[in-house]
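Colleague: Submitted below is the structure of interest, expressed as structure tokens.
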Amino acid sequence: MSAILLIAVPLLAAFISILFKKYAHYILVFVSFASVFALGYMDLGTITVGGFNAPFGIVLILDDYSLIALYIVNTLFFLVAILNCNEFKKVGSIMLVALAGLNGLLLTGDLFNLFVFLEVAGIAAYLITTTNKKPLASFNYLIQGTVGSSLYLLGLILLYAMFGTLNMADMASSIANSGYGAGVTAFPFLLMFIGFGVEAKLLPFNSWTKGILANSNRLTGPMIASVYAAAIGFVFGRLLTNVFVIEDTFLIIVTIILIFSVVAGEAMAYASTKVREILLYSSVAQAALVVVVFMSGFTGWAVYLIIGNAAAKLVLFLITNTATKQLGNDDVETFKGLFVNNKVIGLAFTAVTLSVIGLPMFLGFVTKMNILENMFVSGDYIWPAIILITSVVEGIYFIRLLLNLWYKENDLPEVKFEFVLKYVVVIIAVLIMVFGVYTEPVQDSADNLVAYSYIEGGNL
Amino acid sequence: MKYVATFLVLFVSYIALAGIHVQELLLGAIVSAILTVILAKHVNYTIDYRFPVKLLVFIFAYLPLFVWQLVLSNLAVARIVLSPRIKKHLNPGFVKINTDLKGDFAKLTLANSITLTPGTLSVDIDGNDIYIHTVYIKGKTPEENRQNISAKFEKVLGVVFK
Amino acid sequence: MTVELLILVALASGILAYFVGRLNKVLGAVVTIVASMFIFIMIGYMMQDINAGTTFNYNAVEYMPDFVTFMVTYLGLFFAILVTFIFAMVSFFNPFFVEKYKYPALYSMLYLFSLAGVLGVFLTDNFMVLFFFFEFIVWSGLFLIPLGKNNKAAISYYAFSTAGSFALLYAIFIMFAQTGSYNLHLGLATVSGTTEGTYVLALLAFAAFAKLGAFPLNVWLPRALGKAPDAITAVFSGGLEKLGAFVAVLALVKLAPIGDIAGTLGGLTEATFLFASQYIVATLGAMTIVFGTLMAIRQDDAKKLLAYSSMSNGGYILVALSLGGTLGLSGGLYHIVAHALASAAAFLAIGAVSRVTGTTKMSELGGMIHKMPVTYMVYLIAIISMAGIPPMGGFISKWLIFQAVIDNGLILIAVAVFFGSIGSFLYVFRPLAALFLGQELPQHRDKAKEAPFFMLLPMLILSGLIVFTGVMPNIFLDFINDVIAELGGTGLLLGDYTITGVNGVLQPTLIASVFGVGVLIAFIIFILLKKSKKVGLMDTYTAGNFIYTEELMHYSLDFYAPLERLYEKHINITKDFYKKLENKVVDFGRMIKYFFFTNKPEITVFWIIVLIGFLLWGEL
Amino acid sequence: MMDIIVFSLIGLGVLFAVSRLLIGPTPADRVVSLDTFNIIVIGVIALLANQFENSLYLDIAIVYGILAFIETIVFARYLEGQHGDC
Amino acid sequence: MEIASYIFMTIGGLFYLLGGLGILRMPDTFNRIQAGTKATTLGAFTLLIGIGFNNPEWFPKLLLIIVFIAFANPIGSSALAKASYKSCDLPDNLVQDDLIDLFGGKEDGPS
Amino acid sequence: MLQYAAIAMLMLGLYGLLTQRNIIKIIVSINILEIGLNLFIVSVGYVEGGIAPILTSDFNNNGLVFVDPLPSALVLTAIVIGVGTTALGLALAKNIYQKYGTFEIDEMGEE
Amino acid sequence: MKNFLAFITVLVLGYMIVVSLDNNEAFPAYGEADVSSRVSQAFIDRSVTEDPGDIIFGQATNLESGPANIVTAIVADYRSFDTLGEVTVLFVSSLGVALLLGGKKQKRLELNFHPNFMLRVGSRALFGIILMTGVYIAIHGHLTPGGGFPGGAMIASSMLLLYLADDEFRAKIKGFKMLESFAGTAYVLIGLTGLLLGGYFLENLLDNGVIGDLFSAGIIPIVYVLIGLKVGSEISGIIDNFLTEEGV
Ligand code: NA
Ligand code: NA
């Protein structure tokens, strides 16, 4: 099967669904499920559109990397869709477009096509966030996203002016063979980095995240913090490893941005007293960490970092937003003792949290240890120190949160979680634990991805 | 008949743009036909069997008059604009004049003609009253104004849009 | 039985305990007794397989990642036996306490999980495995502490433990970068004497300090031990805290070459830094002793008091290990044993009291000796040992440590060590007086009764051992000599009944006999002489009114008020420091939030411009 | 030569129109000058077509003219609603 | 033919100039509209016809543009005039104001 | 020249985004920024003396000097995307106005 | 003051960017772009798949991409996938506007000012010309500048004119929806047909004809007309949403 169907079919469904508004959400669930299912039958390789070969035409690339990315994003998307399809019927068609956009982002091997899909996915995201009923926050997201993608486009055009191509692989090899120093590309790459930095929630370009995630609902929270975060992470990773050349001043700037994001993200989470704020600031730090790991070249582990994070944020935001809706607000004080009568939910929440912190027996531990090990081996002693120190802070606020949610005597909050939700979060938690203990497949696949570089296989 | 009118307007527009060529004529006709079916009742273009005659009158009687008036009006404007002391040429105001023309399109043409001729600018039409901004009001009564401003067009247009 | 099988048993029985515990709380707790006793016995069996100079090492079964290896060494076994024993003893208390917990089944499970972690830490030659179990203990311990209904204590525990763990991890990775392997022995040997070695020492010392609750990483210890469930307190103090001691041994003994500090300081090699670091460690250890003592003196809560005593004793261990040498090592290792036994016994005794009275506050207790004489005896023996008075184990270890300090000529540290000893006289007897002696309080009079047999049993075993370690220390010192030999040092010269130190020969048995005779005489006098009249609380009237003042009922109240006044202003220096640190983090987080996270796109745009400008600056 | 004359005449016209656009003072004044400017631009585009001998520019002129007209209408409709807002 | 073309084009240019000048010099909005509309309309007509002389095959297209302008320009102007009347203070040199009947000062209009 | 103008417009857009607190004006700023960007894209493809990349009966072979057609194509796409974003921004602005009764961000208070 | 600082800031930034680009050895100066070193040279030569030699307007047949307008060849053929994406952007925007502004029952926005007579009548007269211009532009996208997007925009403009010129006017939204859905669906289906029959999504399966003919360039005019319809209906929908409000 051609991977292009992953984009075409949701689009087709979206175009048709506006005539059948009442059934749009069913179409959505069906299509997103079909996407996950169909991934098993996709042929790996480079797909040309319209019959024009790279670097002239637009190509899509389905390799191990994008396949994993597609599996993760589509599965998470499906889960979010099925859990929310009844509550948010209105955005069914928009969600279909979002699915097409995300799949396009993950598949495309063309820098300008990436911009187009960034906008498709972005606009769908702005719209999905309007279900928060906070139009000002959505507006802010829209403006910042547009500024970001405009900067990306400007950087891209500068690169085109210099190297005359839009294809990622061709661009990378043109730059490598051009004989110019990295100084030539620093400015365009910085622009593109910032462009993605906005979407990837890196400080200081992420002021939209608070308005969106701190007011999120059951749809927007998991959608933005989990599905979109994963997709953007994967795409950013592809650019970072295969296209960008980060050296000299640019490297200094990027390092400052990343250190700032990690440190400030954890500090902000620490200083927060609302559950969703804690989660969202933690996401900021995690997103920066993903970028760091990609930049360090540990693709496989960056992928697992994304996976672990996305799965965790899905569970955390689902549970938090379900509870918030029923309790009225998300102050930790209100949430106190939430798990006393919701032990299953509580265990799942705890498991994924411990995984995010990186405690043993969970997937997060395996990922973190391997990242640190690889960093040390490559002679990097600074980032591990930063990661470990901020991990302590991260651990403290998450543990504080967990203990608050588990231990309270009287006046327990009354929250009902529906069966499907329980089912989903428990499965994710169990998977995180299973792969935290049975680490061999994780280790192997991550090592494979480290060895794998997609530039060489531009035409797989 | 409004279908014919609509079709003609669309088709002529298309051909004016695309040029005369077999493929274009064919495609233009098809497209115009389709759009005519969809749009005819919205646009209200009307036409009758006397159209060719009216067209001739319009072209050979009205247009020369109009162009002449247009040139005159521009010369008048030039005189004002180029004079060192503009204010003395001005005696502006809004006047109301009456028209006998019936039909929206007739009134529109009249109004546009008034706009493009010396010293006058139609602002709105209400029923049979045309409201006009005048650079230099000469007449004292509405009838005087009408004579000054619109009478010559009305005669011709009365024939065209009968 | 192999180590990984034992670990599996511990984990499996933990899960079993959980499910049994869901059905019946008490039954779940019984599972912990059976399992931890079994594991202790199995570990004891390992003694048979180990001979001086030979250790056995093996890869674990295939389903695990291939770097997972276990190894039984004298050092590991020494710690493993001690800690599993404490776990086994404390487990007898579990059935009597689970009722009080919010999640009793969870308690049983995590208890055994912690035990599994202990085995993993001590019985491996692989740093990654060690770290894994280190962290495993952290998060199982983490959920045990708040069962005592205090989240703050658990969070402090987590914060410091994790900081320690991560320091350990960083050290592990430094060694890994040098050797390409996680082998513990290889790693330590490789970096020893190099610049990396100094970093590793500092990091490992940090980890040890964090686990031991030593100054300046001491804030969590009193909180956690003071607020954790009673039984768990004993495990933490007697057992888990010793993880820190283990790391300290790795850092101060295995990593740094064994020898007297003063002797090797001459040559300015890389190793000099190591020794300088050891001085720092010794100094901090001494400060730990002093601070722990001063804090213990002013506590009202008996558990907290003992917690500070634990902290202070951790200081002794650090001082001893950092001094190195035969005396230092023997003293340190022996003190580990002595303190483990004594503090477990003391905490269990307090726990037994708290079980019937519901409090551990000295101001709310009194006269328990009448209802709980056996518990009183156990507590008495434990604190005698803690204070380092013959004929208990604590005396032997302190004697060795004193000798080592004096031998090294470290005057200030010697002063601190002596101060700690005198201070412990001052504070350990306060709970004795406050809890067990004095007036029986009306609110506890009816409920209080002696603990049941299965609680007394472990307490009695422990006090027996405390006495035994004081009377017949050579049996233990013999094993410690093996440990020291394995570490590459020389053990103590042991006669049948004598210990040869630098400044003389100690004859513990003789001393014990003298004390035994003294006690016997005192007991006979107590029996023979006329009983003192017991005066009830309500018998004291003045002008027909009962005079109620706290002082009347508690002569232990404000015991050392004049002394406290000397330092009360300065004593919270570490607590304040961490409080300020936390506030700084919070302030920083709030500031960033305030500046960046508003619905104002211009902030984002501004920073984008700044960053672009920064990049382009160089091209102007 | 002739081209230069025509273009400079038109250029002056544009200059005047734009001056009024900048001076105002009322929004209506600005819209009027913008409208004038647009019609001049149509002529300029047509002149370019003549200059380059390329009829494609006429298409552009038509589209520009249409858009300019609609723009004027939009502004006019907008201004109508702005009571006394000058 | 070419000469005719250039004459027309120059005249067109002149009217454009006149339009610009009118816009600039006229003292109030309505007079500016008047000057601008008339001059530019005629300017566009002559200019386009001039171009048509040069390229006869373009005549249909040019004619379409002329027709469009002939309609669009006055319509736009009248709409603007109405808008200006309703939104702004009237110039103080008005000698007569019949429109006040229609718009009731500033209030609603017909249709 | 065109390139400088493009960069100037980009900067003007950024200036607007930095200073404007009215959401409509912010949308306008974004649009100015995008126009500048689009101009820049086109400028990148400009070739001195190049003609529009369209074959006609007058310019009838591919050996002529054309400007780079690809940036023009990209601009078409970028423009349409900009239109979509702007429409959405305006719709959000209308929603915001309904909720707060103002377009000024400073008058809305924190969400 | 804030404004002044901001002004200085962007001034400095702009200056820096200009200097940086001037100093950048890889970035071509304005007007000196080297098209032959760019991928677009292959689009001009239509030589992505094979080299057709010299291309003469009105003569060359069966090129890999048929439009005489090379920009159109790129937009609707070489990079047609981008265009599908951009159509999607517009689609989702119009959905979004409807989501944000659409209430239950809709009626025209009630304004207290009305268009004047000339505008009301005149716009109907002009409507035909504008509409036809849009159609013409969309149909001739492969021959002249323009194409589906400008064409669609013109179509929508003609609708906008009617909306502006008549307070009562409302187009049939249901019809827009149908058109929008039909055009989008057809576009994707054409792409899928290419995939099914030719092996590539959006492959041009029809005869490309003689370059410069109206009936040439295979599916491109069809695609462009679909785009024109889709864009026209979408923008019209957006306009309608902005000019309507909740009410009976
Ligand atoms: Na954009
Ligand atoms: Na396009």
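Ordering of the structure tokens sets the chain letters (A, B, ...), residue numbers begin anew at 1 in every chain, and ligands are numbered from 1 in the order given.
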Can you pull out the residues contacting Tyr41 (chain A)? Cut-off 10 Å, using only C-alpha atoms, and skip same-chain residues under 6 positions away; I want them as a list in words.

Modeller: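 So, after excluding close chain neighbours, the residues are Met1, Ser2 and Ala3 of chain A.
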
Colleague: Could you list, as an MDAnalysis selection string, all the residues within 12 Å of ligand 1, counting only C-alpha atoms and all ligand atoms?

Modeller: (chainID A and resid 115:120 122:123 142:154 195) or (chainID F and resid 27 30:38 75 77:86 88:89) or (chainID G and resid 86 89)

Colleague: Identify every residue of chain D that has at least one atom within 10 Å of any atom of chain B, counting only C-alpha atoms, and report the result as a list in words.

Modeller: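 Using only C-alpha atoms, chain D residues at most 10 Å from chain B: Leu58, Asp59 and Ile62 of chain D.
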
Colleague: Output N, CA and C atoms of each residue in that selection to a file, as a CSV table (one decimal), in the first residue's frame.

Modeller:
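Result file part20.csv:
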chain,number,residue,atom,x,y,z
D,58,LEU,N,-2.7,42.5,-19.5
D,58,LEU,CA,-4.1,43.0,-19.5
D,58,LEU,C,-5.0,42.2,-18.6
D,59,ASP,N,-4.7,40.9,-18.5
D,59,ASP,CA,-5.5,40.1,-17.6
D,59,ASP,C,-5.3,40.6,-16.2
D,62,ILE,N,-7.2,43.7,-15.6
D,62,ILE,CA,-8.7,43.5,-15.3
D,62,ILE,C,-8.8,43.0,-13.8

Colleague: Can you check which residues of chain B DSSP gives as alpha helix (DSSP H) on the backbone and send them as an MDAnalysis selection string?

Modeller: chainID B and resid 2:18 22:43 51:57 63:82 104:116 142:149 151:160

Colleague: For ligand 2, collect every residue having any atom at a distance of at most 7 Å from a ligand atom (counting only C-alpha atoms and all ligand atoms); output as a list in words.

Modeller: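 Going residue by residue within 7 Å of ligand 2, we get Ala73, Leu74, Leu76 and Thr77 of chain F; Val75, Ala76, Asp82, Thr83 and Glu86 of chain G.
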
Colleague: Please list as a ChimeraX atom specification every residue within 8 Å of region 8-14 of chain E, counting only C-alpha atoms and excluding residues in the same chain fewer than 3 positions away.

Modeller: /D:2,5-7,9-10 /E:4-5,17-18,42-51

Colleague: Take the residues from that selection and write them out as a short mmCIF file (atom, residue, chain, number, x, y, z; two decimals), in the first residue's frame, keeping C-alpha atoms.

Modeller:
data_model
loop_
_atom_site.label_atom_id
_atom_site.label_comp_id
_atom_site.auth_asym_id
_atom_site.auth_seq_id
_atom_site.Cartn_x
_atom_site.Cartn_y
_atom_site.Cartn_z
CA MET D 2 6.66 59.39 -25.93
CA ILE D 5 6.33 61.66 -21.38
CA VAL D 6 3.32 59.45 -20.74
CA PHE D 7 4.93 57.72 -17.82
CA LEU D 9 2.66 62.49 -16.58
CA ILE D 10 1.13 59.49 -14.94
CA ALA E 4 -2.84 58.44 -32.98
CA SER E 5 -1.99 55.93 -30.33
CA LEU E 17 -2.27 63.99 -13.93
CA LEU E 18 -5.30 66.19 -13.74
CA LEU E 42 -11.57 59.77 -19.07
CA GLY E 43 -7.86 59.29 -18.65
CA ALA E 44 -8.28 55.52 -18.51
CA PHE E 45 -10.57 55.55 -21.56
CA THR E 46 -8.18 57.49 -23.73
CA LEU E 47 -5.15 55.63 -22.53
CA LEU E 48 -6.71 52.25 -23.22
CA ILE E 49 -7.96 53.33 -26.60
CA GLY E 50 -4.49 54.58 -27.36
CA ILE E 51 -3.07 51.22 -26.48
#

Colleague: Can you pull out every residue within 12 Å of Val67 (chain B), counting only C-alpha atoms, but drop anything in the same chain fewer than 2 positions away, and send it as a list in words?

Modeller: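 What passes the distance filter is Ile59, Phe60, Ala61, Tyr62, Leu63, Pro64, Leu65, Gln69, Leu70, Val71, Leu72, Ser73, Asn74, Ser113, Ile114, Leu116, Thr117, Pro118 and Phe153 of chain B; Lys38, Thr41, Leu42, Phe45, Thr46 and Ala70 of chain E.
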
Colleague: What lies within 8 Å of region 32-34 of chain E using only C-alpha atoms, ignoring chain neighbours under 2 positions off, as a compact mmCIF listing (two decimals) with all heavy atoms, in the first residue's frame?

Modeller:
# COMPACT_ATOMS: atom_id res chain seq x y z
N THR B 115 -22.81 61.52 -12.80
CA THR B 115 -21.55 61.52 -12.05
C THR B 115 -20.39 61.92 -12.95
O THR B 115 -19.50 62.66 -12.54
CB THR B 115 -21.29 60.14 -11.45
OG1 THR B 115 -22.36 59.83 -10.56
CG2 THR B 115 -19.98 60.11 -10.69
N GLY B 119 -19.27 68.82 -12.96
CA GLY B 119 -19.63 69.41 -11.68
C GLY B 119 -20.66 68.68 -10.86
O GLY B 119 -21.16 69.24 -9.88
N THR B 120 -21.04 67.49 -11.24
CA THR B 120 -22.09 66.79 -10.49
C THR B 120 -21.65 65.39 -10.09
O THR B 120 -20.83 64.76 -10.75
CB THR B 120 -23.36 66.68 -11.33
OG1 THR B 120 -22.99 66.18 -12.61
CG2 THR B 120 -24.04 68.03 -11.49
N LEU B 121 -22.25 64.95 -9.02
CA LEU B 121 -21.93 63.61 -8.50
C LEU B 121 -23.17 63.05 -7.83
O LEU B 121 -23.66 63.62 -6.84
CB LEU B 121 -20.78 63.71 -7.48
CG LEU B 121 -20.50 62.53 -6.59
CD1 LEU B 121 -19.91 61.39 -7.42
CD2 LEU B 121 -19.56 62.90 -5.47
N ASP D 29 -11.23 60.84 2.54
CA ASP D 29 -10.25 61.41 1.64
C ASP D 29 -9.21 60.38 1.22
O ASP D 29 -8.84 60.27 0.05
CB ASP D 29 -9.53 62.59 2.31
CG ASP D 29 -10.44 63.79 2.39
OD1 ASP D 29 -11.22 63.98 1.44
OD2 ASP D 29 -10.38 64.51 3.40
N VAL D 32 -10.69 57.95 -1.19
CA VAL D 32 -10.86 58.56 -2.51
C VAL D 32 -9.54 58.57 -3.26
O VAL D 32 -9.46 58.18 -4.43
CB VAL D 32 -11.39 60.00 -2.36
CG1 VAL D 32 -11.36 60.70 -3.72
CG2 VAL D 32 -12.79 59.99 -1.81
N GLY E 22 -6.37 67.17 -9.01
CA GLY E 22 -7.69 67.47 -8.44
C GLY E 22 -7.83 66.90 -7.05
O GLY E 22 -8.29 67.57 -6.12
N ILE E 23 -7.45 65.64 -6.92
CA ILE E 23 -7.51 65.00 -5.60
C ILE E 23 -6.73 65.82 -4.58
O ILE E 23 -7.15 66.00 -3.44
CB ILE E 23 -6.93 63.58 -5.70
CG1 ILE E 23 -7.91 62.65 -6.42
CG2 ILE E 23 -6.60 63.02 -4.33
CD1 ILE E 23 -9.09 62.28 -5.59
N LEU E 24 -5.60 66.32 -5.04
CA LEU E 24 -4.74 67.02 -4.10
C LEU E 24 -5.27 68.43 -3.78
O LEU E 24 -5.26 68.87 -2.64
CB LEU E 24 -3.32 67.12 -4.68
CG LEU E 24 -2.26 67.68 -3.73
CD1 LEU E 24 -2.12 66.77 -2.52
CD2 LEU E 24 -0.93 67.81 -4.44
N ARG E 25 -5.75 69.11 -4.80
CA ARG E 25 -6.02 70.53 -4.61
C ARG E 25 -7.43 70.84 -4.13
O ARG E 25 -7.65 71.89 -3.52
CB ARG E 25 -5.77 71.28 -5.93
CG ARG E 25 -4.30 71.38 -6.27
CD ARG E 25 -4.04 72.57 -7.14
NE ARG E 25 -4.29 73.83 -6.43
CZ ARG E 25 -4.49 75.00 -7.02
NH1 ARG E 25 -4.48 75.07 -8.34
NH2 ARG E 25 -4.71 76.09 -6.33
N MET E 26 -8.40 70.01 -4.49
CA MET E 26 -9.78 70.34 -4.12
C MET E 26 -9.92 70.47 -2.61
O MET E 26 -9.31 69.73 -1.85
CB MET E 26 -10.73 69.27 -4.64
CG MET E 26 -11.00 69.40 -6.13
SD MET E 26 -11.83 70.93 -6.50
CE MET E 26 -12.31 70.66 -8.19
N PRO E 27 -10.76 71.41 -2.16
CA PRO E 27 -10.79 71.75 -0.74
C PRO E 27 -11.57 70.78 0.14
O PRO E 27 -11.35 70.74 1.34
CB PRO E 27 -11.44 73.13 -0.73
CG PRO E 27 -12.29 73.14 -1.94
CD PRO E 27 -11.60 72.30 -2.96
N ASP E 28 -12.53 70.04 -0.40
CA ASP E 28 -13.27 69.12 0.47
C ASP E 28 -13.48 67.78 -0.22
O ASP E 28 -13.28 67.62 -1.41
CB ASP E 28 -14.60 69.73 0.90
CG ASP E 28 -15.51 69.95 -0.27
OD1 ASP E 28 -16.17 68.99 -0.69
OD2 ASP E 28 -15.52 71.09 -0.81
N THR E 29 -13.89 66.80 0.57
CA THR E 29 -13.97 65.42 0.11
C THR E 29 -14.80 65.27 -1.15
O THR E 29 -14.38 64.60 -2.10
CB THR E 29 -14.58 64.53 1.21
OG1 THR E 29 -13.92 64.83 2.43
CG2 THR E 29 -14.39 63.07 0.88
N PHE E 30 -16.01 65.92 -1.16
CA PHE E 30 -16.92 65.69 -2.29
C PHE E 30 -16.33 66.25 -3.57
O PHE E 30 -16.42 65.61 -4.63
CB PHE E 30 -18.28 66.30 -1.98
CG PHE E 30 -18.88 65.71 -0.74
CD1 PHE E 30 -18.83 66.38 0.46
CD2 PHE E 30 -19.48 64.46 -0.81
CE1 PHE E 30 -19.36 65.82 1.59
CE2 PHE E 30 -20.01 63.91 0.34
CZ PHE E 30 -19.94 64.59 1.54
N GLY E 36 -11.46 63.57 -8.99
CA GLY E 36 -10.76 62.30 -9.20
C GLY E 36 -11.50 61.41 -10.17
O GLY E 36 -10.92 60.87 -11.12
N THR E 37 -12.80 61.24 -9.94
CA THR E 37 -13.56 60.29 -10.75
C THR E 37 -13.55 60.66 -12.23
O THR E 37 -13.23 59.84 -13.09
CB THR E 37 -15.03 60.26 -10.28
OG1 THR E 37 -15.04 60.18 -8.88
CG2 THR E 37 -15.75 59.09 -10.88
N LYS E 38 -13.93 61.87 -12.47
CA LYS E 38 -14.09 62.26 -13.88
C LYS E 38 -12.77 62.17 -14.62
O LYS E 38 -12.66 61.57 -15.70
CB LYS E 38 -14.62 63.68 -13.95
CG LYS E 38 -16.06 63.77 -13.50
CD LYS E 38 -16.55 65.18 -13.69
CE LYS E 38 -17.18 65.75 -12.43
NZ LYS E 38 -18.31 65.03 -11.89
N SER E 77 -17.62 55.93 -6.67
CA SER E 77 -17.60 57.32 -6.21
C SER E 77 -18.86 57.66 -5.44
O SER E 77 -18.81 58.29 -4.37
CB SER E 77 -17.49 58.25 -7.42
OG SER E 77 -16.28 58.02 -8.07
N ALA E 81 -19.14 58.84 -1.71
CA ALA E 81 -19.75 60.12 -1.37
C ALA E 81 -20.77 59.93 -0.26
O ALA E 81 -20.80 60.69 0.71
CB ALA E 81 -20.40 60.73 -2.61

Colleague: Define the interface residues of chain E facing chain G as those within 12 Å, counting only C-alpha atoms, and report them as an MDAnalysis selection string.

Modeller: chainID E and resid 61 64:83 86:87 102:103 106:111

Colleague: Could you please select, counting only C-alpha atoms, the residues of chain F within 9 Å of chain D and state them as a list in words?

Modeller: Thr56, Asp58 and Phe59 of chain F

Colleague: Residues of chain G near chain C: apply a cut-off of 7 Å, count only C-alpha atoms, and supply the list as a CSV table (one decimal) with all heavy atoms, in the first residue's frame.

Modeller:
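Saved to result_19.csv:
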chain,number,residue,atom,x,y,z
G,13,LEU,N,17.7,45.4,13.5
G,13,LEU,CA,17.6,44.0,13.0
G,13,LEU,C,17.6,44.0,11.5
G,13,LEU,O,18.3,43.2,10.8
G,13,LEU,CB,16.3,43.4,13.5
G,13,LEU,CG,16.2,41.9,13.1
G,13,LEU,CD1,17.2,41.0,13.8
G,13,LEU,CD2,14.8,41.4,13.4
G,16,MET,N,20.9,44.6,10.2
G,16,MET,CA,21.8,43.4,10.3
G,16,MET,C,21.5,42.3,9.3
G,16,MET,O,22.4,41.7,8.7
G,16,MET,CB,21.5,42.8,11.7
G,16,MET,CG,22.2,43.6,12.8
G,16,MET,SD,21.6,43.0,14.4
G,16,MET,CE,23.0,42.5,15.2
G,19,VAL,N,22.9,43.4,5.9
G,19,VAL,CA,24.4,43.3,5.9
G,19,VAL,C,24.7,41.8,5.9
G,19,VAL,O,25.6,41.4,5.1
G,19,VAL,CB,25.0,43.9,7.2
G,19,VAL,CG1,26.5,43.6,7.3
G,19,VAL,CG2,24.8,45.4,7.1
G,20,SER,N,24.1,41.0,6.7
G,20,SER,CA,24.4,39.6,6.7
G,20,SER,C,24.2,38.9,5.4
G,20,SER,O,25.0,38.1,4.9
G,20,SER,CB,23.5,38.9,7.8
G,20,SER,OG,23.4,37.6,7.5

Colleague: What does the structure give for the distance between CA of Ser40 (chain G) and CA of Asp77 (chain G), in Å to one decimal?

Modeller: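 Separation of CA of Ser40 (chain G) and CA of Asp77 (chain G): 13.0 Å.
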
Colleague: If we count only C-alpha atoms, what is near Leu131 (chain G) at a cut-off of 12 Å, once residues fewer than 4 positions away on the same chain are taken out, given as a ChimeraX atom specification?

Modeller: /B:6,9-11,13-14,31-32,35-36,39,43 /D:63,66 /G:123-127,135-138,150-162,228-229,232
